[in-house]
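So the structure is just underneath, and the comments pick up after that.
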Amino acid sequence: MEFQKDNTFVTGRLKSMTYAFNGAVKLIRTEHSIMVQFSLGIAMTIAGFYFHISQTEWLCQTLAIGLVLSVEGLNTAVEKIADFIHPDYSKRIGFIKDIAAGAVFFAAMTAIAIGLIIYIPKFT
């Protein structure tokens, strides 16, 4: 049986959203780095409610959490593709994986900076 793409606007978008949601669930259930980042995102969301952060602070915090989770997901995809293409150790594949991990580092450092800017004043 041949796969037929659903080109209708509504059902095609709904199917795409279903695939994306399933991918997010797979990430959260199977990848330890995502589990950690997702848990930190939940903790920061709880902190936001506890400290009654402003609408602007919510926007920044939500963007930071989404950024880290998104980049972490892309990093995981790069690692899985690299491991699939070249399962044995390769210096070149290692370089690619390090660059992807570096992107996560930048996102995480940005999120930490945003968190510190929002929450340090709450303790002073």
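Chain lettering (A, B, ...) mirrors the order of the structure tokens, residue numbering begins at 1 for each chain separately, and ligand numbering begins at 1 in order of display.
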Requested in this report: Please provide the set of residues having any atom within 12 Å of A:His32, restricted to only C-alpha atoms, with same-chain residues fewer than 6 positions apart removed, written as a ChimeraX atom specification.
Outcome: /A:26,38-39,72-73,76
Query - Surrounding residues of stretch 95-105 of chain A excluding itself and chain neighbours under 2 positions, 6 Å, only C-alpha atoms, as a PyMOL selection string - result: chain A and resi 71-72+75+79+92-93+107-108
Query - All residues 10 Å or closer to stretch 60-68 of chain A, only C-alpha atoms, same chain fewer than 3 positions away omitted, as a PyMOL selection string - result: chain A and resi 34+37-38+40-42+44-45+48+53-57+71-74+103-115+118
Generate a file of the selected residues that holds C-alpha atoms, formatted as an mmCIF file, in the first residue's frame.
data_model
loop_
_atom_site.group_PDB
_atom_site.id
_atom_site.type_symbol
_atom_site.label_atom_id
_atom_site.label_comp_id
_atom_site.auth_asym_id
_atom_site.auth_seq_id
_atom_site.Cartn_x
_atom_site.Cartn_y
_atom_site.Cartn_z
ATOM 1 C CA ILE A 34 14.839 16.440 28.322
ATOM 2 C CA GLN A 37 15.001 20.293 31.480
ATOM 3 C CA PHE A 38 11.250 19.592 31.510
ATOM 4 C CA LEU A 40 13.216 22.418 35.691
ATOM 5 C CA GLY A 41 10.632 24.092 33.466
ATOM 6 C CA ILE A 42 7.837 22.830 35.717
ATOM 7 C CA MET A 44 10.244 27.438 37.336
ATOM 8 C CA THR A 45 6.569 27.627 36.387
ATOM 9 C CA GLY A 48 6.481 31.957 38.836
ATOM 10 C CA ILE A 53 5.947 37.307 38.519
ATOM 11 C CA SER A 54 4.768 39.970 36.063
ATOM 12 C CA GLN A 55 3.361 39.356 32.610
ATOM 13 C CA THR A 56 6.676 40.409 31.038
ATOM 14 C CA GLU A 57 8.568 38.052 33.337
ATOM 15 C CA VAL A 71 17.184 23.182 21.274
ATOM 16 C CA GLU A 72 17.576 20.106 23.490
ATOM 17 C CA GLY A 73 15.129 18.249 21.225
ATOM 18 C CA LEU A 74 17.058 19.284 18.119
ATOM 19 C CA ALA A 103 23.846 25.087 21.130
ATOM 20 C CA VAL A 104 22.049 23.600 24.135
ATOM 21 C CA PHE A 105 24.684 25.168 26.384
ATOM 22 C CA PHE A 106 23.982 28.630 24.919
ATOM 23 C CA ALA A 107 20.228 28.174 25.369
ATOM 24 C CA ALA A 108 20.648 26.932 28.941
ATOM 25 C CA MET A 109 22.966 29.804 29.889
ATOM 26 C CA THR A 110 20.451 32.262 28.454
ATOM 27 C CA ALA A 111 17.661 30.621 30.468
ATOM 28 C CA ILE A 112 19.768 30.767 33.642
ATOM 29 C CA ALA A 113 20.465 34.465 33.065
ATOM 30 C CA ILE A 114 16.751 35.141 32.563
ATOM 31 C CA GLY A 115 15.910 33.171 35.700
ATOM 32 C CA ILE A 118 13.627 37.486 37.366
#
Report summary line: atom CA of A:Gly94 sits from atom CA of A:Ser33 at a separation of 18.0 Å
